[in-house]
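What's in my_file18.cif: mmCIF, C-alpha atoms
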data_work
#
loop_
_atom_site.label_atom_id
_atom_site.label_comp_id
_atom_site.auth_asym_id
_atom_site.auth_seq_id
_atom_site.Cartn_x
_atom_site.Cartn_y
_atom_site.Cartn_z
CA MET A 68 99.21 128.60 79.24
CA SER A 69 95.51 128.01 79.83
CA LEU A 70 95.76 124.63 78.11
CA SER A 71 98.40 123.48 80.56
CA LEU A 72 96.29 124.83 83.42
CA ALA A 73 93.30 122.81 82.22
CA LEU A 74 95.53 119.75 81.90
CA PHE A 75 96.80 120.36 85.40
CA ALA A 76 93.24 120.60 86.73
CA VAL A 77 92.28 117.30 85.11
CA LEU A 78 95.40 115.54 86.39
CA ALA A 79 94.99 116.96 89.89
CA ALA A 80 91.35 115.86 89.97
CA VAL A 81 92.27 112.32 88.87
CA CYS A 82 95.14 112.23 91.34
CA LEU A 83 93.13 113.42 94.33
CA GLY A 84 90.11 111.33 93.33
CA GLY A 85 92.30 108.25 93.16
CA GLY A 86 93.80 109.13 96.52
CA LEU A 87 90.36 109.45 98.07
CA GLY A 88 89.48 106.11 96.54
CA VAL A 89 92.56 104.55 98.14
CA VAL A 90 91.67 105.75 101.61
CA THR A 91 87.90 105.21 101.46
CA SER A 92 87.42 102.06 99.36
CA SER A 93 86.31 99.11 101.46
CA ASN A 94 87.67 96.57 99.00
CA VAL A 95 91.41 96.04 99.27
CA ALA A 96 91.90 95.20 95.58
CA TYR A 97 89.98 98.33 94.51
CA ALA A 98 92.15 100.40 96.83
CA ALA A 99 95.28 99.06 95.12
CA LEU A 100 93.84 99.86 91.68
CA PHE A 101 92.84 103.36 92.83
CA LEU A 102 96.44 103.80 93.94
CA LEU A 103 97.55 102.85 90.42
CA VAL A 104 95.25 105.53 88.94
CA SER A 105 96.55 108.13 91.37
CA LEU A 106 100.20 107.28 90.72
CA LEU A 107 99.77 107.44 86.96
CA ALA A 108 98.17 110.88 87.36
CA VAL A 109 101.23 111.88 89.40
CA ALA A 110 103.36 110.75 86.45
CA GLY A 111 101.27 113.10 84.29
CA VAL A 112 101.97 115.92 86.75
CA TYR A 113 105.69 115.21 86.36
CA VAL A 114 105.31 115.56 82.59
CA LEU A 115 103.64 118.94 83.17
CA LEU A 116 106.67 119.87 85.27
CA LEU A 117 108.89 118.97 82.29
CA ALA A 118 110.46 116.11 84.22
CA GLU A 119 109.81 113.41 81.66
CA PHE A 120 112.52 111.08 82.98
CA LEU A 121 110.94 111.11 86.43
CA ALA A 122 107.55 110.45 84.82
CA LEU A 123 109.00 107.41 83.07
CA VAL A 124 110.55 106.17 86.32
CA GLN A 125 107.23 106.72 88.07
CA VAL A 126 105.30 104.69 85.51
CA LEU A 127 107.88 101.89 85.46
CA ILE A 128 108.45 101.56 89.21
CA TYR A 129 105.06 102.47 90.63
CA GLY A 130 102.81 101.47 87.76
CA GLY A 131 104.73 98.27 87.19
CA ALA A 132 106.67 96.93 90.13
CA VAL A 133 104.97 98.41 93.19
CA ILE A 134 101.40 97.61 92.15
CA ILE A 135 102.33 94.05 91.15
CA VAL A 136 104.07 93.48 94.49
CA LEU A 137 101.08 94.93 96.34
CA LEU A 138 98.61 92.73 94.49
CA PHE A 139 100.76 89.68 95.23
CA ALA A 140 100.82 90.60 98.90
CA LEU A 141 97.04 91.01 98.86
CA MET A 142 96.65 87.56 97.33
CA LEU A 143 98.99 85.98 99.88
CA THR A 144 97.30 87.61 102.88
CA ARG A 145 93.85 86.38 102.05
CA ILE A 146 92.07 88.09 104.89
CA GLN A 147 88.49 87.20 105.70
CA GLU A 148 87.22 90.72 105.27
CA PHE A 149 88.89 91.20 101.91
CA ASP A 150 86.05 93.13 100.28
CA HIS A 151 84.63 94.89 103.32
CA VAL A 152 87.49 96.09 105.47
CA THR A 153 86.50 98.23 108.42
CA ASP A 154 88.25 101.37 109.55
CA ASN A 155 89.47 102.44 112.94
CA PRO A 156 87.00 103.96 115.40
CA GLN A 157 89.28 107.01 115.46
CA LYS A 158 88.13 107.92 111.94
CA PRO A 159 86.57 111.31 112.89
CA LEU A 160 89.80 112.29 114.59
CA ALA A 161 91.70 111.29 111.48
CA VAL A 162 89.42 113.48 109.34
CA LEU A 163 90.02 116.35 111.74
CA ALA A 164 93.79 115.89 111.72
CA ALA A 165 94.02 115.66 107.94
CA ALA A 166 91.73 118.67 107.43
CA THR A 167 93.74 120.69 109.94
CA LEU A 168 96.99 119.81 108.21
CA LEU A 169 95.57 120.70 104.81
CA GLY A 170 94.13 123.98 106.12
CA VAL A 171 97.35 125.08 107.80
CA LEU A 172 99.45 124.14 104.78
CA ALA A 173 97.09 125.83 102.32
CA VAL A 174 96.89 129.06 104.31
CA ALA A 175 100.65 129.16 104.82
CA LEU A 176 101.37 128.47 101.15
CA VAL A 177 98.84 130.96 99.80
CA ARG A 178 99.88 133.72 102.18
CA GLY A 179 103.63 133.47 102.13
CA GLY A 180 105.06 130.44 100.45
CA PRO A 181 107.98 130.55 98.04
CA ARG A 182 106.82 131.72 94.65
CA GLY A 183 107.74 130.59 91.20
CA ASN A 184 106.22 131.50 87.88
CA THR A 185 108.52 130.26 85.18
CA LEU A 186 109.03 126.63 84.54
CA GLN A 187 112.37 125.46 83.24
CA ASN A 188 113.35 122.21 81.68
CA VAL A 189 116.09 120.09 83.25
CA ASP A 190 118.28 118.48 80.65
CA LEU A 191 118.30 114.70 81.00
CA GLU A 192 121.97 114.60 80.06
CA ARG A 193 122.84 116.96 82.88
CA LEU A 194 120.69 114.97 85.29
CA GLY A 195 122.52 111.77 84.40
CA THR A 196 125.91 113.44 84.65
CA ALA A 197 125.11 114.86 88.08
CA LEU A 198 123.74 111.52 89.26
CA PHE A 199 126.90 109.66 88.24
CA SER A 200 129.43 112.29 89.28
CA SER A 201 128.57 114.40 92.33
CA TRP A 202 125.84 112.04 93.53
CA VAL A 203 127.58 108.78 92.82
CA ILE A 204 128.17 107.81 96.45
CA PRO A 205 124.50 108.15 97.51
CA PHE A 206 123.63 106.34 94.29
CA GLU A 207 125.87 103.40 95.19
CA ILE A 208 124.57 103.40 98.75
CA VAL A 209 121.02 103.10 97.40
CA GLY A 210 122.22 100.13 95.36
CA VAL A 211 123.63 98.48 98.48
CA LEU A 212 120.40 99.32 100.34
CA LEU A 213 118.34 97.59 97.67
CA LEU A 214 120.57 94.51 97.88
CA VAL A 215 120.26 94.41 101.67
CA VAL A 216 116.50 94.82 101.42
CA LEU A 217 116.34 91.98 98.90
CA LEU A 218 118.24 89.66 101.25
CA GLY A 219 116.23 90.84 104.24
CA VAL A 220 112.93 90.18 102.50
CA VAL A 221 114.03 86.65 101.59
CA ILE A 222 115.14 85.95 105.15
CA ILE A 223 112.01 87.43 106.73
CA THR A 224 109.57 85.59 104.52
CA GLN A 225 111.20 82.16 104.56
CA ALA A 226 109.55 79.95 107.14
CA ARG A 227 112.68 78.76 108.89
CA GLY A 228 112.19 77.54 112.45
CA GLU A 229 108.44 77.57 112.13
CA ARG A 230 106.25 74.63 112.75
CA MET B 246 100.09 127.37 86.30
CA THR B 247 102.48 128.42 89.03
CA LEU B 248 104.40 126.75 91.80
CA LEU B 249 101.47 127.39 94.13
CA HIS B 250 99.23 124.99 92.19
CA PHE B 251 101.66 122.15 92.62
CA GLN B 252 102.23 122.98 96.27
CA LEU B 253 98.50 122.86 96.95
CA LEU B 254 98.11 119.58 95.04
CA SER B 255 100.97 118.13 97.04
CA ALA B 256 99.48 119.34 100.34
CA ALA B 257 96.07 117.86 99.48
CA LEU B 258 97.57 114.51 98.48
CA PHE B 259 99.64 114.44 101.66
CA ALA B 260 96.57 115.18 103.79
CA ILE B 261 94.67 112.36 102.08
CA GLY B 262 97.55 110.00 102.75
CA MET B 263 97.73 111.06 106.38
CA TYR B 264 94.01 110.46 106.78
CA GLY B 265 94.52 106.97 105.33
CA VAL B 266 97.36 106.17 107.71
CA LEU B 267 95.35 107.32 110.72
CA ALA B 268 91.96 105.87 109.80
CA ARG B 269 92.79 102.49 108.27
CA LYS B 270 93.10 99.26 110.22
CA ASN B 271 94.50 96.91 107.58
CA ALA B 272 98.29 97.12 107.42
CA VAL B 273 98.39 96.81 103.61
CA LEU B 274 95.99 99.75 103.25
CA ILE B 275 98.14 101.82 105.62
CA LEU B 276 101.06 101.04 103.33
CA LEU B 277 99.09 102.28 100.32
CA ALA B 278 98.39 105.54 102.14
CA ILE B 279 102.11 105.89 102.93
CA GLU B 280 102.83 105.55 99.21
CA LEU B 281 100.40 108.42 98.57
CA MET B 282 102.27 110.59 101.06
CA LEU B 283 105.62 109.77 99.47
CA ASN B 284 104.24 110.77 96.08
CA ALA B 285 102.98 114.05 97.49
CA VAL B 286 106.49 114.77 98.73
CA ASN B 287 107.91 113.90 95.33
CA ILE B 288 105.54 116.30 93.56
CA ASN B 289 106.80 119.03 95.85
CA PHE B 290 110.46 118.19 95.23
CA ILE B 291 110.09 118.13 91.47
CA ALA B 292 107.98 121.30 91.37
CA TYR B 293 110.62 123.14 93.40
CA ALA B 294 113.35 121.80 91.13
CA ALA B 295 111.51 122.99 88.02
CA TYR B 296 110.46 126.42 89.32
CA ARG B 297 113.14 127.53 91.76
CA ASP B 298 116.26 125.51 91.13
CA PRO B 299 116.59 124.49 87.47
CA GLU B 300 120.34 125.04 87.58
CA ARG B 301 121.16 122.41 90.19
CA PHE B 302 117.85 120.44 90.06
CA LEU B 303 118.48 118.96 93.52
CA GLY B 304 114.77 118.22 93.81
CA GLN B 305 114.77 115.83 90.87
CA ILE B 306 117.75 113.92 92.23
CA ILE B 307 116.24 113.68 95.71
CA ALA B 308 112.96 112.53 94.13
CA LEU B 309 114.81 109.70 92.39
CA PHE B 310 116.26 108.59 95.72
CA VAL B 311 112.85 108.87 97.37
CA ILE B 312 111.36 106.59 94.71
CA ALA B 313 114.12 104.01 95.15
CA ILE B 314 113.88 104.01 98.93
CA ALA B 315 110.08 103.92 98.81
CA ALA B 316 110.29 100.77 96.69
CA ALA B 317 112.71 99.20 99.18
CA GLU B 318 110.51 100.19 102.11
CA LEU B 319 107.43 98.75 100.43
CA GLY B 320 109.12 95.40 99.81
CA LEU B 321 110.38 95.13 103.37
CA ALA B 322 107.05 96.20 104.89
CA LEU B 323 105.15 93.68 102.79
CA ALA B 324 107.55 90.93 103.90
CA ILE B 325 106.91 91.83 107.53
CA ILE B 326 103.15 91.89 106.89
CA LEU B 327 103.31 88.44 105.26
CA ARG B 328 105.21 87.10 108.26
CA LEU B 329 102.69 88.64 110.66
CA TYR B 330 99.82 87.16 108.70
CA ARG B 331 101.40 83.73 108.89
CA HIS B 332 101.90 84.03 112.64
CA ARG B 333 98.63 85.60 113.66
CA GLY B 334 96.22 85.15 110.77
CA SER B 335 95.46 88.86 110.71
CA VAL B 336 96.96 92.05 109.36
CA ASN B 337 94.92 94.46 111.47
CA VAL B 338 97.28 96.80 113.22
CA ASP B 339 95.18 97.11 116.37
CA GLU B 340 95.36 93.35 116.93
CA ILE B 341 99.16 93.37 116.70
CA ASP B 342 99.95 94.51 120.21
CA LEU B 343 102.89 92.27 121.06
CA MET B 344 105.20 95.24 121.67
CA LYS B 345 102.58 97.43 123.33
CA TRP B 346 102.87 97.60 127.12
#

What do you get writing this file as structure tokens?
Amino acid sequence: MSLSLALFAVLAAVCLGGGLGVVTSSNVAYAALFLLVSLLAVAGVYVLLLAEFLALVQVLIYGGAVIIVLLFALMLTRIQEFDHVTDNPQKPLAVLAAATLLGVLAVALVRGGPRGNTLQNVDLERLGTALFSSWVIPFEIVGVLLLVVLLGVVIITQARGER
Amino acid sequence: MTLLHFQLLSAALFAIGMYGVLARKNAVLILLAIELMLNAVNINFIAYAAYRDPERFLGQIIALFVIAIAAAELGLALAIILRLYRHRGSVNVDEIDLMKW
């Protein structure tokens, strides 16, 4: 059990460190790569939670698709301040708000959150069966949503009616 | 390693993401911070599914939907950002005040 705890500590440190890199890096491309690090650490956390299918999905969708799309968007919006973006003047307030949220959540969770001590594996076969039987309608709706988003993205980005 | 560890990790990641959304000016960076927050939520869902609800594993199914919808949201938001950039030459959210009266 202590091995998994050590693994968890390493993954959490990488995950939170990557997250801090995302929100503090002044270079946009570095921020995107920090996000990749953080998301891969989240995939590791899923493996620790015995959800290996979700970890695979996380690596494929976030590690592959999302980061590629983000980097393309960064290349296409070649802003002047690419490697030295500035933050809002409300930064101290943002620190305060985030710290308050974290404090309240941490105190509430430590003092009286739902507890759980034993981890149980979810069978992939059962997950697939549930997804395609009792959850099939939401599943199909997500498919339609993705199609609509695809069409919407094409229509939004095409330069029709512009000079 | 108990549920509490994962809850605290999720809360910390969510707080970092919220800080990013509030403090950043570039729309693409705000989007990155939103992705962090969505991942924090997913950690929570999957931890709850593994610790408290392994029979019905609702958390894992919801997490799958969250991932799919997050991908859709990211694509749409990036399309809007590209369009804004083409119109105004900037993706700073405090310069985009067309709808602010």

Atom pair CA of Phe120 in chain A / CA of Val215 in chain A: separation (Å): 26.2 Å

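Here CA of Phe302 in chain B is placed at a distance of 25.7 Å from CA of Val133 in chain A.
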
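Across the model, the gap from CA of Leu123 in chain A to CA of Leu249 in chain B is 24.0 Å.
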
Result set of the PyMOL selection byres ((chain A) within 6 of (chain B)) on the coordinates above, as number ranges by chain: A: 72, 90, 154-155, 158, 161, 165, 169, 183-187, 220, 224

Expected selection from the PyMOL selection byres ((chain A and resi 79) around 9), given as an MDAnalysis selection string: (chainID A and resid 74:78 80:84 108:109 112) or (chainID B and resid 251 254)

Selection export as a tab-separated table (two decimals), keeping the file's coordinate frame, atoms kept: C-alpha atoms:
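Output contents, as saved in selection20.tsv:
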chain	number	residue	atom	x	y	z
A	74	LEU	CA	95.53	119.75	81.90
A	75	PHE	CA	96.80	120.36	85.40
A	76	ALA	CA	93.24	120.60	86.73
A	77	VAL	CA	92.28	117.30	85.11
A	78	LEU	CA	95.40	115.54	86.39
A	80	ALA	CA	91.35	115.86	89.97
A	81	VAL	CA	92.27	112.32	88.87
A	82	CYS	CA	95.14	112.23	91.34
A	83	LEU	CA	93.13	113.42	94.33
A	84	GLY	CA	90.11	111.33	93.33
A	108	ALA	CA	98.17	110.88	87.36
A	109	VAL	CA	101.23	111.88	89.40
A	112	VAL	CA	101.97	115.92	86.75
B	251	PHE	CA	101.66	122.15	92.62
B	254	LEU	CA	98.11	119.58	95.04

Matched chain/residue IDs from the PyMOL selection byres ((chain A and resi 125) around 9), as a PyMOL selection string: (chain A and resi 106-107+109-110+113+120-124+126-131) or (chain B and resi 312)
